[in-house]
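Peer 1: Got a structure for you, written out below as structure tokens; questions coming shortly.
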Amino acid sequence: MKLFVDTGDIEEVRQAADWGILDGVTTNPTLIAKSGKGFKETFLKICELVPGGAISAEVVATDYDTMLKEALEIASWHPQIVVKVPLIESGIKLVRTLSEKDIRTNVTLVFSVSQALMAAKAGATFISNFVGRVDDISDDGMNAVATTVQMVDTYGFASEVLVASVRHPLHVVQSIEAGAHIATMPLKIMQMLFKHPLTESGLKRFLDDWNQAGLSIFEPGTA
Ligand code: E4P
């Protein structure tokens, strides 16, 4: 199970990367606009902070020719960059072209299994199945994830299923249960994955007992 952080904020990427367990970064035009920094400079910095990680940068055109130009430009910046493409007809055509050029892609705004099939057939590296936005309109966003994972396995597609639009740790647990390959989430949700009240109270008790006994790991004069 790979973990990606979903942010355009370099400081947040730095914080998540510092734990040593980060596999990649996803962004979208909204997150990049919010960062207030230049597009290319942001991605070069993120690639430096997450060596070897998959870093998704999204095209913003919707017609095939302009999307292709944007994709080739973005992909030329760094070998870690994955071109993020929306699931529209021109997007699927673009994914096919990029996959023939061995350029990795992340198909975004995928909400249904039938959309995921289009992305897989085009050769998408990652299929971003959004869950939170479906929950927001009173449906169960996780429904499509397990079936998409099953589809990829059954038909031997090379795509990895990436659970996106994650709103809380339960979505991460459900992603694991569904056998998803990746989950991407905001930094604050990733921080919540560490938390358990029994860890906090357990650690407090261990340290109180240790300190009360006046013990030390280091012999006097060796620290
Ligand atoms: C993923 O690639 C998307 O950027 C992200 O998960 C969208 O999340 P949201 O629905 O919380 O905006």
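Lettering and numbering for the structure tokens are positional, with chains as A, B, ... in the shown order, residues counted from 1 in each chain, and ligands counted from 1 in the shown order.
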Enumerate as a PyMOL selection string the residues within 9 Å of ligand 1, counting only C-alpha atoms and all ligand atoms.
Peer 2: chain A and resi 5-7+25-31+56+84+106-109+128-134+162-167+183-186
Peer 1: With C-alpha atoms retained, export the selected residues as a compact mmCIF listing (two decimals), in the first residue's frame.
Peer 2:
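Ended up saving to result_11.txt:
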# COMPACT_ATOMS: atom_id res chain seq x y z
CA VAL A 5 0.22 13.31 0.21
CA ASP A 6 -2.31 15.50 -1.61
CA THR A 7 -0.98 19.06 -1.47
CA VAL A 25 2.57 13.53 -4.07
CA THR A 26 -0.66 14.40 -5.88
CA THR A 27 -1.76 17.93 -6.72
CA ASN A 28 -4.58 19.46 -8.68
CA PRO A 29 -5.06 22.95 -10.19
CA THR A 30 -6.96 24.11 -7.08
CA LEU A 31 -4.13 23.05 -4.74
CA SER A 56 1.43 14.14 -10.21
CA LYS A 84 -2.44 14.00 -14.41
CA ASN A 106 -2.69 9.61 -13.43
CA VAL A 107 -6.30 9.72 -14.63
CA THR A 108 -8.26 11.97 -12.31
CA LEU A 109 -11.91 12.71 -11.51
CA SER A 128 -7.65 8.21 -9.20
CA ASN A 129 -10.96 7.02 -7.79
CA PHE A 130 -12.46 9.94 -5.82
CA VAL A 131 -14.42 8.87 -2.74
CA GLY A 132 -15.09 11.91 -0.51
CA ARG A 133 -16.83 13.93 -3.20
CA VAL A 134 -19.29 11.05 -3.69
CA LEU A 162 -5.35 5.29 -6.28
CA VAL A 163 -8.01 6.28 -3.74
CA ALA A 164 -8.37 10.07 -3.82
CA SER A 165 -10.58 12.66 -2.16
CA VAL A 166 -9.91 10.96 1.18
CA ARG A 167 -11.64 12.76 4.04
CA ALA A 183 -4.26 6.28 -1.04
CA THR A 184 -3.62 10.00 -1.34
CA MET A 185 -4.70 12.40 1.38
CA PRO A 186 -4.13 15.84 2.89
Peer 1: Please provide the set of residues having any atom within 10 Å of Ile74 (chain A), restricted to only C-alpha atoms, with same-chain residues fewer than 4 positions apart removed, written as a PyMOL selection string.
Peer 2: chain A and resi 39-40+43+56-59+68-70+78-79+81-84
Peer 1: Quick one: everything within 10 Å of Glu11 (chain A), counting only C-alpha atoms, minus sequence neighbours fewer than 6 positions away in the same chain. Send it as a PyMOL selection string.
Peer 2: chain A and resi 17+46+49
Peer 1: Taking only C-alpha atoms into account, name the residue in A:Val110, A:Leu187, A:Leu198, A:Gly20 that is nearest to Gly8 (chain A).
Peer 2: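 Smallest separation from Gly8 (chain A) among the options: A:Leu187.
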Peer 1: In region 90-221 of chain A, what's helix (DSSP H, G or I) per DSSP? Answer as a ChimeraX atom specification?
Peer 2: /A:90-100,113-122,132-135,143-155,169-178,187-192,197-213
Peer 1: Residues at most 9 Å from region 174-177 of chain A, counting only C-alpha atoms, excluding those fewer than 3 positions away in the same chain, as an MDAnalysis selection string?
Peer 2: chainID A and resid 1 142 145:146 162:163 169:171 180:183
Peer 1: Any chance you could export the current selection's N, CA, C and O atoms as a PDB file, in the first residue's frame?
Peer 2:
ATOM      1  N   MET A   1       0.856  -1.198   0.000  1.00  0.00           N
ATOM      2  CA  MET A   1       0.000   0.000   0.000  1.00  0.00           C
ATOM      3  C   MET A   1       0.889   1.244   0.000  1.00  0.00           C
ATOM      4  O   MET A   1       1.700   1.427   0.896  1.00  0.00           O
ATOM      5  N   MET A 142     -16.797   4.680  -1.632  1.00  0.00           N
ATOM      6  CA  MET A 142     -15.904   3.518  -1.613  1.00  0.00           C
ATOM      7  C   MET A 142     -16.425   2.380  -2.476  1.00  0.00           C
ATOM      8  O   MET A 142     -15.669   1.476  -2.816  1.00  0.00           O
ATOM      9  N   VAL A 145     -14.432   1.487  -5.530  1.00  0.00           N
ATOM     10  CA  VAL A 145     -13.005   1.157  -5.382  1.00  0.00           C
ATOM     11  C   VAL A 145     -12.761  -0.352  -5.462  1.00  0.00           C
ATOM     12  O   VAL A 145     -11.922  -0.813  -6.257  1.00  0.00           O
ATOM     13  N   ALA A 146     -13.511  -1.123  -4.649  1.00  0.00           N
ATOM     14  CA  ALA A 146     -13.264  -2.569  -4.609  1.00  0.00           C
ATOM     15  C   ALA A 146     -13.507  -3.201  -5.980  1.00  0.00           C
ATOM     16  O   ALA A 146     -12.743  -4.071  -6.429  1.00  0.00           O
ATOM     17  N   LEU A 162      -5.767   4.248  -7.235  1.00  0.00           N
ATOM     18  CA  LEU A 162      -5.354   5.287  -6.278  1.00  0.00           C
ATOM     19  C   LEU A 162      -6.626   5.897  -5.668  1.00  0.00           C
ATOM     20  O   LEU A 162      -7.418   6.502  -6.388  1.00  0.00           O
ATOM     21  N   VAL A 163      -6.811   5.708  -4.377  1.00  0.00           N
ATOM     22  CA  VAL A 163      -8.006   6.280  -3.743  1.00  0.00           C
ATOM     23  C   VAL A 163      -7.725   7.746  -3.418  1.00  0.00           C
ATOM     24  O   VAL A 163      -6.764   8.063  -2.705  1.00  0.00           O
ATOM     25  N   PRO A 169      -9.483   8.934   8.313  1.00  0.00           N
ATOM     26  CA  PRO A 169      -8.736   7.673   8.375  1.00  0.00           C
ATOM     27  C   PRO A 169      -9.556   6.438   8.007  1.00  0.00           C
ATOM     28  O   PRO A 169      -8.995   5.464   7.510  1.00  0.00           O
ATOM     29  N   LEU A 170     -10.876   6.458   8.248  1.00  0.00           N
ATOM     30  CA  LEU A 170     -11.678   5.276   7.881  1.00  0.00           C
ATOM     31  C   LEU A 170     -11.617   5.027   6.373  1.00  0.00           C
ATOM     32  O   LEU A 170     -11.608   3.873   5.927  1.00  0.00           O
ATOM     33  N   HIS A 171     -11.539   6.091   5.580  1.00  0.00           N
ATOM     34  CA  HIS A 171     -11.380   5.898   4.128  1.00  0.00           C
ATOM     35  C   HIS A 171     -10.077   5.140   3.830  1.00  0.00           C
ATOM     36  O   HIS A 171     -10.024   4.351   2.883  1.00  0.00           O
ATOM     37  N   ALA A 180      -6.883  -1.528  -2.567  1.00  0.00           N
ATOM     38  CA  ALA A 180      -6.365  -0.434  -3.399  1.00  0.00           C
ATOM     39  C   ALA A 180      -4.837  -0.373  -3.272  1.00  0.00           C
ATOM     40  O   ALA A 180      -4.282  -0.721  -2.227  1.00  0.00           O
ATOM     41  N   HIS A 181      -4.192   0.062  -4.337  1.00  0.00           N
ATOM     42  CA  HIS A 181      -2.729   0.090  -4.337  1.00  0.00           C
ATOM     43  C   HIS A 181      -2.170   1.317  -3.616  1.00  0.00           C
ATOM     44  O   HIS A 181      -1.070   1.269  -3.066  1.00  0.00           O
ATOM     45  N   ILE A 182      -2.930   2.418  -3.673  1.00  0.00           N
ATOM     46  CA  ILE A 182      -2.433   3.711  -3.173  1.00  0.00           C
ATOM     47  C   ILE A 182      -3.596   4.474  -2.540  1.00  0.00           C
ATOM     48  O   ILE A 182      -4.736   4.377  -3.014  1.00  0.00           O
ATOM     49  N   ALA A 183      -3.290   5.276  -1.514  1.00  0.00           N
ATOM     50  CA  ALA A 183      -4.260   6.278  -1.039  1.00  0.00           C
ATOM     51  C   ALA A 183      -3.529   7.608  -0.972  1.00  0.00           C
ATOM     52  O   ALA A 183      -2.384   7.672  -0.517  1.00  0.00           O
TER      53      ALA A 183
END
Peer 1: DSSP on the backbone: which residues in region 5-221 of chain A end up as strand (DSSP E)? Give the answer as a PyMOL selection string.
Peer 2: chain A and resi 5-6+24-26+54-58+81-86+105-110+126-130+160-164+182-185
Peer 1: Now that the selection is made, can you save its residues with C-alpha atoms as an mmCIF file, in the first residue's frame?
Peer 2:
data_model
loop_
_atom_site.group_PDB
_atom_site.id
_atom_site.type_symbol
_atom_site.label_atom_id
_atom_site.label_comp_id
_atom_site.auth_asym_id
_atom_site.auth_seq_id
_atom_site.Cartn_x
_atom_site.Cartn_y
_atom_site.Cartn_z
ATOM 1 C CA VAL A 5 0.221 13.313 0.213
ATOM 2 C CA ASP A 6 -2.313 15.505 -1.615
ATOM 3 C CA GLY A 24 4.471 10.272 -3.831
ATOM 4 C CA VAL A 25 2.570 13.533 -4.074
ATOM 5 C CA THR A 26 -0.662 14.402 -5.877
ATOM 6 C CA ALA A 54 5.640 9.677 -8.142
ATOM 7 C CA ILE A 55 4.693 13.360 -8.383
ATOM 8 C CA SER A 56 1.427 14.141 -10.211
ATOM 9 C CA ALA A 57 1.045 17.447 -12.097
ATOM 10 C CA GLU A 58 -2.204 18.120 -13.946
ATOM 11 C CA ILE A 81 6.624 13.630 -12.802
ATOM 12 C CA VAL A 82 3.395 11.818 -13.641
ATOM 13 C CA VAL A 83 1.000 13.675 -15.968
ATOM 14 C CA LYS A 84 -2.439 13.995 -14.409
ATOM 15 C CA VAL A 85 -5.271 13.950 -16.928
ATOM 16 C CA PRO A 86 -9.044 14.350 -16.380
ATOM 17 C CA THR A 105 -0.221 9.166 -16.274
ATOM 18 C CA ASN A 106 -2.693 9.613 -13.432
ATOM 19 C CA VAL A 107 -6.303 9.719 -14.631
ATOM 20 C CA THR A 108 -8.260 11.972 -12.313
ATOM 21 C CA LEU A 109 -11.914 12.707 -11.514
ATOM 22 C CA VAL A 110 -12.834 9.024 -11.787
ATOM 23 C CA PHE A 126 -2.758 5.410 -11.834
ATOM 24 C CA ILE A 127 -6.564 5.574 -11.737
ATOM 25 C CA SER A 128 -7.653 8.206 -9.199
ATOM 26 C CA ASN A 129 -10.959 7.019 -7.795
ATOM 27 C CA PHE A 130 -12.462 9.941 -5.822
ATOM 28 C CA GLU A 160 -2.794 0.955 -10.012
ATOM 29 C CA VAL A 161 -5.943 2.052 -8.189
ATOM 30 C CA LEU A 162 -5.354 5.287 -6.278
ATOM 31 C CA VAL A 163 -8.006 6.280 -3.743
ATOM 32 C CA ALA A 164 -8.366 10.067 -3.822
ATOM 33 C CA ILE A 182 -2.433 3.711 -3.173
ATOM 34 C CA ALA A 183 -4.260 6.278 -1.039
ATOM 35 C CA THR A 184 -3.620 10.004 -1.336
ATOM 36 C CA MET A 185 -4.698 12.403 1.380
#
Peer 1: Give me, please, the distance in Å between CA of Gln115 (chain A) and CA of Asp102 (chain A), quoted to one decimal.
Peer 2: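 CA of Asp102 (chain A) lies 21.9 Å from CA of Gln115 (chain A).
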Peer 1: Pick from A:Lys101, A:Ile92, A:Phe4, A:Gln15: nearest to Gly53 (chain A), with only C-alpha atoms counted?
Peer 2: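 Smallest distance to Gly53 (chain A) is found for A:Phe4.
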Peer 1: Quick one: pull the distance between CA of Cys47 (chain A) and CA of Ala61 (chain A), Å, one decimal.
Peer 2: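 Result for CA of Cys47 (chain A) versus CA of Ala61 (chain A): 23.4 Å, one decimal.
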Peer 1: Contacts of Val113 (chain A) at 7 Å or less, counting only C-alpha atoms, minus same-chain residues fewer than 2 places along, as a list of chain:residue names?
Peer 2: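 Once the adjacent positions are removed, what remains is A:Gln115, A:Ala116, A:Leu117, A:Ala144, A:Thr147, A:Thr148.
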Peer 1: Just the residues within 6 Å of Ser35 (chain A), please, counting only C-alpha atoms, with nothing from its chain fewer than 2 positions along; format it as a compact mmCIF listing (two decimals) with C-alpha atoms, in the first residue's frame.
Peer 2:
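Saved to out.txt:
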# COMPACT_ATOMS: atom_id res chain seq x y z
CA GLY A 8 0.69 21.85 -3.41
CA ASP A 9 2.29 23.22 -0.25
CA ILE A 32 -1.46 24.65 -6.95
CA ALA A 33 -3.46 27.89 -7.20
CA LYS A 37 3.88 29.62 -6.15
Peer 1: For a quick check of understanding, using only C-alpha atoms, which of A:Val149, A:Met118, A:Ile88, A:Val172 has the smallest distance to Ile189 (chain A)?
Peer 2: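 Among the listed residues, the smallest separation from Ile189 (chain A) belongs to A:Val172.
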Peer 1: Give the answer as one residue: which of A:Arg14, A:Tyr64, A:Ala71, A:Gly179 has the shortest atom-to-atom distance to Glu89 (chain A), using only C-alpha atoms?
Peer 2: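 Of the candidates, the smallest distance to Glu89 (chain A) is held by A:Tyr64.
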Peer 1: Rounded to one decimal in Å, what is the spacing between CA of Asp135 (chain A) and CA of Phe111 (chain A)?
Peer 2: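 These two atoms are separated by 11.0 Å.
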